[in-house]
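A.B. asks: Right, I'll just put the structure down here and ask away after.
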There are 2 protein chains.
Amino acid sequence: MPSFKGQYEHSVDNKGRVAFPAKLRKLVNPEAQDHYTLLRGLEPCLYLYPKDRWEQVENKLSSINSFSMKGRTVIRSFLRYAEDLSLDKQNRLSLPSHLMGYSGIDSTAIFIGAGDRIEIWSPGKLDEADSDLSLEYYQELFEQVMGDEHDKGD
Amino acid sequence: MPSFKGQYEHSVDNKGRVAFPAKLRKLVNPEAQDHYTLLRGLEPCLYLYPKDRWEQVENKLSSINSFSMKGRTVIRSFLRYAEDLSLDKQNRLSLPSHLMGYSGIDSTAIFIGAGDRIEIWSPGKLDEADSDLSLEYYQELFEQVMGDEHDKGD
DNA sequence: ACAGAAGTGGGGAATAGTGGGGAATTTTGG
DNA sequence: CCAAAATTCCCCACTATTCCCCACTTCTGT
């Protein structure tokens with residue numbers, strides 16, 4: 001299953017609507033098309049899951065032991081600020097105002113494809129997160145992933 | 001599976017299009033033909049993966065736990081500047097402007113076959129990289145890398 | 001020298017992004 | 001229960017960008 005990738009900046013109009021980037025839409029599983037779940041991210045951004053991916057998250061959640069305090073807290077905190085959304089006929093999302101507030105998004109939103117989900121950031125918060133990421137750390141991460149990916153079988 | 005090799009210089013037109021070198025295309029696995037992923041490299045250049053090779057990278061990515069902070073940072077940093085591209089009918093790639101900016105490519109691009117991926121450089125950045133690499137240093141690196149490469153389980 | 005492939009350039013059609021007006025539905029207060 | 005207000009949603013219109021197609025030039029191998 002292809003990962004979401006790439007970064008796309010779009011303007012948010014005064015009704016809270018943002019165009020959903022066309023390139024990301026092409027990566028969405030057609031069977032989930034137009035049905036998304038949007039929620040607070042762990043970073044100061046929003047997470048957007050297409051329906052099919054969200055179901056995987058729910059599976060994971062339902063495997064949490066809800067008879068432990070920690071389990072209940074995680075489930076409650078996670079689902080509390082989640083909303084189901086659809087695209088309008090112009091392929092736009094309308095962002096609930098409480099999520100715009102949380103993420104600091106006002107007139108510009110940046111979509112970042114991040115594997116099985118899409119993150120939505122305000123430019124300001126994203127800059128802050130970037131400045132916390134040193135080049136050395138990035139290179140270390142990079143090599144971890146790109147490292148010896150080719151198997152040496154000959 | 002054959003390695004990409006060789007160096008090819010092509011001009012970039014004012015729409016950001018570059019011909020994909022014919023000799024490299026012949027080395028691409030036919031099943032991946034025309035589908036590539038382009039992203040920022042660690043050096044000031046771009047990495048181009050044919051679809052089949054990129055899938056190996058994604059497999060590695062998908063094994064990362066996205067419920068840990070470090071895992072999410074890896075995935076985000078990595079996929080953020082990646083884009084899927086296809087060749088047009090004239091076998092050209094059109095380079096997204098943010099990647100041209102990052103790599104310093106404007107009117108000329110140099111393709112370098114580099115094993116399982118292809119690197120794309122601007123002439124200027126490539127000269128800089130070359131001049132930083134003395135012959136002695138290269139020989140030293142060569143020995144370090146090639147010397148005990150086999151059966152090194154890290 | 002010729003034929004075919006590879007590389008280069010530009011114009012036009014289709015799609016994506018943006019903004020605003022108005023109808024329908026929901027909410028709130030009397 | 002009804003009416004006014006607010007919100008949501010859908011449609012239309014304009015603009016910018018992307019993609020696709022055509023034509024020409026250069027290079028390569030025979």
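For the structure tokens, the naming scheme is as follows: chains receive sequential letters (A, B, ...) according to their order of presentation, residues are indexed from 1 within each chain, and ligands are indexed from 1 in presentation order.
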Going by DSSP on the backbone, which residues of segment 40-134 of chain B come out as strand (DSSP E or B)? List them as number ranges by chain.
C.D. replies: B: 40, 46-50, 82-86, 92-94, 108-115, 117-121
A.B. asks: Please dump the current selection as a PDB file, in the first residue's frame; keep N, CA and C atoms.
C.D. replies:
```
ATOM      1  N   ARG B  40      14.762  14.577  -1.631  1.00  0.00           N
ATOM      2  CA  ARG B  40      15.993  15.222  -1.206  1.00  0.00           C
ATOM      3  C   ARG B  40      17.013  14.170  -0.807  1.00  0.00           C
ATOM      4  N   LEU B  46      19.493  15.269  -5.492  1.00  0.00           N
ATOM      5  CA  LEU B  46      18.227  14.540  -5.392  1.00  0.00           C
ATOM      6  C   LEU B  46      18.463  13.055  -5.612  1.00  0.00           C
ATOM      7  N   TYR B  47      17.652  12.249  -4.961  1.00  0.00           N
ATOM      8  CA  TYR B  47      17.708  10.807  -5.163  1.00  0.00           C
ATOM      9  C   TYR B  47      16.473  10.385  -5.947  1.00  0.00           C
ATOM     10  N   LEU B  48      16.714   9.576  -6.951  1.00  0.00           N
ATOM     11  CA  LEU B  48      15.603   9.088  -7.768  1.00  0.00           C
ATOM     12  C   LEU B  48      15.559   7.565  -7.684  1.00  0.00           C
ATOM     13  N   TYR B  49      14.432   7.048  -7.260  1.00  0.00           N
ATOM     14  CA  TYR B  49      14.256   5.598  -7.164  1.00  0.00           C
ATOM     15  C   TYR B  49      13.177   5.134  -8.131  1.00  0.00           C
ATOM     16  N   PRO B  50      13.453   4.112  -8.926  1.00  0.00           N
ATOM     17  CA  PRO B  50      12.363   3.498  -9.683  1.00  0.00           C
ATOM     18  C   PRO B  50      11.411   2.829  -8.695  1.00  0.00           C
ATOM     19  N   ALA B  82       9.498  14.080  -0.550  1.00  0.00           N
ATOM     20  CA  ALA B  82       9.490  13.044  -1.585  1.00  0.00           C
ATOM     21  C   ALA B  82       8.287  13.241  -2.488  1.00  0.00           C
ATOM     22  N   GLU B  83       8.454  12.941  -3.759  1.00  0.00           N
ATOM     23  CA  GLU B  83       7.317  13.007  -4.686  1.00  0.00           C
ATOM     24  C   GLU B  83       7.358  11.878  -5.688  1.00  0.00           C
ATOM     25  N   ASP B  84       6.196  11.391  -6.029  1.00  0.00           N
ATOM     26  CA  ASP B  84       6.099  10.400  -7.091  1.00  0.00           C
ATOM     27  C   ASP B  84       6.059  11.116  -8.422  1.00  0.00           C
ATOM     28  N   LEU B  85       6.798  10.608  -9.372  1.00  0.00           N
ATOM     29  CA  LEU B  85       6.841  11.209 -10.705  1.00  0.00           C
ATOM     30  C   LEU B  85       6.703  10.128 -11.762  1.00  0.00           C
ATOM     31  N   SER B  86       6.239  10.538 -12.924  1.00  0.00           N
ATOM     32  CA  SER B  86       6.243   9.636 -14.063  1.00  0.00           C
ATOM     33  C   SER B  86       6.919  10.330 -15.230  1.00  0.00           C
ATOM     34  N   ARG B  92      10.585  12.349 -20.250  1.00  0.00           N
ATOM     35  CA  ARG B  92      11.124  13.404 -19.396  1.00  0.00           C
ATOM     36  C   ARG B  92      10.510  13.353 -18.010  1.00  0.00           C
ATOM     37  N   LEU B  93      11.276  13.838 -17.052  1.00  0.00           N
ATOM     38  CA  LEU B  93      10.781  14.045 -15.696  1.00  0.00           C
ATOM     39  C   LEU B  93      10.517  15.524 -15.545  1.00  0.00           C
ATOM     40  N   SER B  94       9.467  15.899 -14.837  1.00  0.00           N
ATOM     41  CA  SER B  94       9.425  17.317 -14.508  1.00  0.00           C
ATOM     42  C   SER B  94       9.683  17.498 -13.031  1.00  0.00           C
ATOM     43  N   THR B 108      20.652  23.038 -15.875  1.00  0.00           N
ATOM     44  CA  THR B 108      21.380  21.812 -16.215  1.00  0.00           C
ATOM     45  C   THR B 108      21.308  20.818 -15.067  1.00  0.00           C
ATOM     46  N   ALA B 109      21.090  19.567 -15.411  1.00  0.00           N
ATOM     47  CA  ALA B 109      21.044  18.521 -14.387  1.00  0.00           C
ATOM     48  C   ALA B 109      21.983  17.399 -14.779  1.00  0.00           C
ATOM     49  N   ILE B 110      22.682  16.869 -13.799  1.00  0.00           N
ATOM     50  CA  ILE B 110      23.598  15.766 -14.058  1.00  0.00           C
ATOM     51  C   ILE B 110      23.087  14.521 -13.347  1.00  0.00           C
ATOM     52  N   PHE B 111      22.807  13.495 -14.120  1.00  0.00           N
ATOM     53  CA  PHE B 111      22.343  12.227 -13.569  1.00  0.00           C
ATOM     54  C   PHE B 111      23.545  11.342 -13.291  1.00  0.00           C
ATOM     55  N   ILE B 112      23.585  10.773 -12.109  1.00  0.00           N
ATOM     56  CA  ILE B 112      24.672   9.860 -11.773  1.00  0.00           C
ATOM     57  C   ILE B 112      24.075   8.544 -11.307  1.00  0.00           C
ATOM     58  N   GLY B 113      24.396   7.489 -12.025  1.00  0.00           N
ATOM     59  CA  GLY B 113      23.939   6.170 -11.602  1.00  0.00           C
ATOM     60  C   GLY B 113      24.674   5.786 -10.335  1.00  0.00           C
ATOM     61  N   ALA B 114      23.936   5.407  -9.306  1.00  0.00           N
ATOM     62  CA  ALA B 114      24.560   5.122  -8.016  1.00  0.00           C
ATOM     63  C   ALA B 114      23.939   3.871  -7.411  1.00  0.00           C
ATOM     64  N   GLY B 115      24.167   2.747  -8.088  1.00  0.00           N
ATOM     65  CA  GLY B 115      23.691   1.485  -7.541  1.00  0.00           C
ATOM     66  C   GLY B 115      22.199   1.317  -7.670  1.00  0.00           C
ATOM     67  N   ARG B 117      19.974   3.483  -6.837  1.00  0.00           N
ATOM     68  CA  ARG B 117      19.258   4.729  -7.076  1.00  0.00           C
ATOM     69  C   ARG B 117      20.062   5.583  -8.046  1.00  0.00           C
ATOM     70  N   ILE B 118      19.443   6.686  -8.454  1.00  0.00           N
ATOM     71  CA  ILE B 118      20.091   7.621  -9.354  1.00  0.00           C
ATOM     72  C   ILE B 118      20.162   8.952  -8.640  1.00  0.00           C
ATOM     73  N   GLU B 119      21.309   9.595  -8.681  1.00  0.00           N
ATOM     74  CA  GLU B 119      21.427  10.908  -8.077  1.00  0.00           C
ATOM     75  C   GLU B 119      21.352  11.977  -9.159  1.00  0.00           C
ATOM     76  N   ILE B 120      20.742  13.101  -8.826  1.00  0.00           N
ATOM     77  CA  ILE B 120      20.649  14.204  -9.769  1.00  0.00           C
ATOM     78  C   ILE B 120      21.269  15.437  -9.125  1.00  0.00           C
ATOM     79  N   TRP B 121      22.275  15.991  -9.783  1.00  0.00           N
ATOM     80  CA  TRP B 121      23.066  17.092  -9.222  1.00  0.00           C
ATOM     81  C   TRP B 121      23.001  18.326 -10.112  1.00  0.00           C
TER      82      TRP B 121
END
```
A.B. asks: Please, which residues of chain D lie no more than 10 Å from chain A when the count uses only C-alpha atoms (C1' of nucleotides), and can they be set out as a list in words?
C.D. replies: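 Taken together, these residues fit the definition: DC9, DC10 and DC11 of chain D.
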A.B. asks: What residues in chain C lie within 10 Å of chain A, counting only C-alpha atoms (C1' of nucleotides), written as a short mmCIF file (atom, residue, chain, number, x, y, z; two decimals) with N, CA and C atoms (P, O5', C5', C4', C3', O3' and C1' of nucleotides), in the first residue's frame?
C.D. replies:
```cif
data_model
loop_
_atom_site.label_atom_id
_atom_site.label_comp_id
_atom_site.auth_asym_id
_atom_site.auth_seq_id
_atom_site.Cartn_x
_atom_site.Cartn_y
_atom_site.Cartn_z
P DT C 15 -9.87 16.41 -17.06
"O5'" DT C 15 -9.12 16.88 -15.73
"C5'" DT C 15 -7.72 16.62 -15.60
"C4'" DT C 15 -7.15 17.53 -14.55
"C3'" DT C 15 -7.96 17.57 -13.25
"O3'" DT C 15 -7.09 17.21 -12.20
"C1'" DT C 15 -7.37 19.75 -13.94
P DA C 16 -7.58 17.07 -10.69
"O5'" DA C 16 -7.00 18.39 -10.04
"C5'" DA C 16 -5.62 18.69 -10.24
"C4'" DA C 16 -5.25 19.97 -9.53
"C3'" DA C 16 -5.83 20.13 -8.13
"O3'" DA C 16 -4.84 20.67 -7.29
"C1'" DA C 16 -6.50 21.95 -9.47
P DG C 17 -5.12 21.00 -5.76
"O5'" DG C 17 -5.44 22.55 -5.79
"C5'" DG C 17 -4.37 23.46 -6.05
"C4'" DG C 17 -4.87 24.88 -5.96
"C3'" DG C 17 -5.47 25.27 -4.61
"O3'" DG C 17 -4.88 26.50 -4.23
"C1'" DG C 17 -6.97 25.81 -6.34
P DT C 18 -5.18 27.19 -2.80
"O5'" DT C 18 -6.33 28.24 -3.13
"C5'" DT C 18 -6.05 29.30 -4.04
"C4'" DT C 18 -7.28 30.16 -4.22
"C3'" DT C 18 -8.03 30.51 -2.94
"O3'" DT C 18 -7.96 31.91 -2.76
"C1'" DT C 18 -9.53 29.89 -4.68
P DG C 19 -8.45 32.61 -1.40
"O5'" DG C 19 -9.85 33.25 -1.83
"C5'" DG C 19 -9.96 33.93 -3.06
"C4'" DG C 19 -11.42 34.16 -3.39
"C3'" DG C 19 -12.28 34.49 -2.17
"O3'" DG C 19 -12.93 35.74 -2.38
"C1'" DG C 19 -13.31 32.85 -3.52
#
```
A.B. asks: Just want the 8 Å neighbourhood of Ile105 of chain A, counted on only C-alpha atoms (C1' of nucleotides), with same-chain residues fewer than 5 positions away dropped. Output as a list in words.
C.D. replies: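 After dropping sequence-adjacent residues, the list is Met100, Trp121, Ser122 and Pro123 of chain A.
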A.B. asks: Return as a CSV table (one decimal) with C-alpha atoms, in the first residue's frame the residues belonging to chain A that are within 12 Å of chain B, counting only C-alpha atoms.
C.D. replies:
```csv
chain,number,residue,atom,x,y,z
A,1,MET,CA,0.0,0.0,0.0
A,2,PRO,CA,1.6,3.3,-1.1
A,3,SER,CA,2.5,5.8,1.6
A,4,PHE,CA,1.4,9.3,1.7
A,5,LYS,CA,4.3,11.6,0.8
A,6,GLY,CA,5.1,15.2,-0.1
A,7,GLN,CA,4.3,18.6,1.3
A,8,TYR,CA,1.6,20.8,0.1
A,9,GLU,CA,0.6,24.3,1.2
A,23,LYS,CA,-1.6,14.4,-5.3
A,24,LEU,CA,-2.5,13.1,-1.9
A,26,LYS,CA,-4.6,10.1,-5.8
A,27,LEU,CA,-2.9,8.0,-3.1
A,41,GLY,CA,-1.9,15.1,16.7
A,42,LEU,CA,0.6,14.4,19.3
A,43,GLU,CA,2.7,17.2,17.9
A,47,TYR,CA,-3.7,14.0,11.9
A,57,VAL,CA,-6.1,2.8,14.3
A,60,LYS,CA,-5.3,-0.8,17.7
A,61,LEU,CA,-7.3,1.2,20.2
A,110,ILE,CA,0.5,22.7,5.2
A,111,PHE,CA,-0.3,19.1,4.4
A,112,ILE,CA,2.5,16.6,5.0
A,113,GLY,CA,2.2,13.0,3.8
A,114,ALA,CA,3.4,10.8,6.6
A,115,GLY,CA,3.0,7.2,5.7
A,116,ASP,CA,-0.4,6.0,6.6
A,117,ARG,CA,-1.7,9.4,7.7
A,118,ILE,CA,-1.6,13.0,6.6
A,119,GLU,CA,-0.5,15.7,9.0
A,120,ILE,CA,-1.8,19.3,8.8
A,121,TRP,CA,0.4,22.0,10.2
A,126,LEU,CA,6.1,23.7,11.5
A,129,ALA,CA,9.4,21.8,14.9
A,130,ASP,CA,12.0,22.1,12.1
A,132,ASP,CA,14.3,21.6,16.8
A,133,LEU,CA,15.6,19.0,14.3
A,134,SER,CA,19.3,19.3,13.9
A,135,LEU,CA,21.0,18.3,10.7
A,136,GLU,CA,23.1,15.6,12.4
A,137,TYR,CA,20.0,14.0,13.9
A,138,TYR,CA,18.3,14.1,10.5
A,139,GLN,CA,21.3,12.4,8.9
A,140,GLU,CA,21.3,9.7,11.6
A,141,LEU,CA,17.6,9.0,11.0
A,142,PHE,CA,18.2,9.0,7.2
A,143,GLU,CA,20.9,6.5,7.4
A,144,GLN,CA,18.8,4.3,9.6
A,145,VAL,CA,16.2,4.0,6.9
A,146,MET,CA,18.3,4.2,3.8
A,147,GLY,CA,21.1,2.2,5.3
A,148,ASP,CA,21.8,-1.3,4.0
A,149,GLU,CA,18.6,-1.6,2.2
A,150,HIS,CA,19.9,-3.7,-0.6
A,151,ASP,CA,20.4,-7.3,0.4
A,152,LYS,CA,23.8,-8.5,-0.5
A,153,GLY,CA,23.0,-11.8,-1.9
A,154,ASP,CA,25.4,-12.9,-4.7
```
A.B. asks: Rounded to one decimal in Å, what is the spacing between atom C1' of DA23 of chain C and atom CA of Arg17 of chain A?
C.D. replies: 19.0 Å
A.B. asks: One decimal, in Å: what's the spacing between atom C1' of DT8 of chain D and atom CA of Lys15 of chain A?
C.D. replies: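 Going from atom C1' of DT8 of chain D over to atom CA of Lys15 of chain A covers 10.0 Å.
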A.B. asks: Taking only C-alpha atoms (C1' of nucleotides) into account, which of B:Leu87, B:Pro30, B:Lys51, B:Asn65 comes nearest DC20 of chain D?
C.D. replies: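 Among the listed residues, B:Leu87 lies closest to DC20 of chain D.
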A.B. asks: Where in chain B does DSSP assign alpha helix (DSSP H), given as a PyMOL selection string?
C.D. replies: chain B and resi 22-25+51-62+69-80+97-103+123-131+135-147
A.B. asks: Could you please determine the separation between atom C1' of DT28 of chain C and atom C1' of DC2 of chain D in Å, to one decimal place?
C.D. replies: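 Answer for the atom C1' of DT28 of chain C to atom C1' of DC2 of chain D separation: 11.9 Å.
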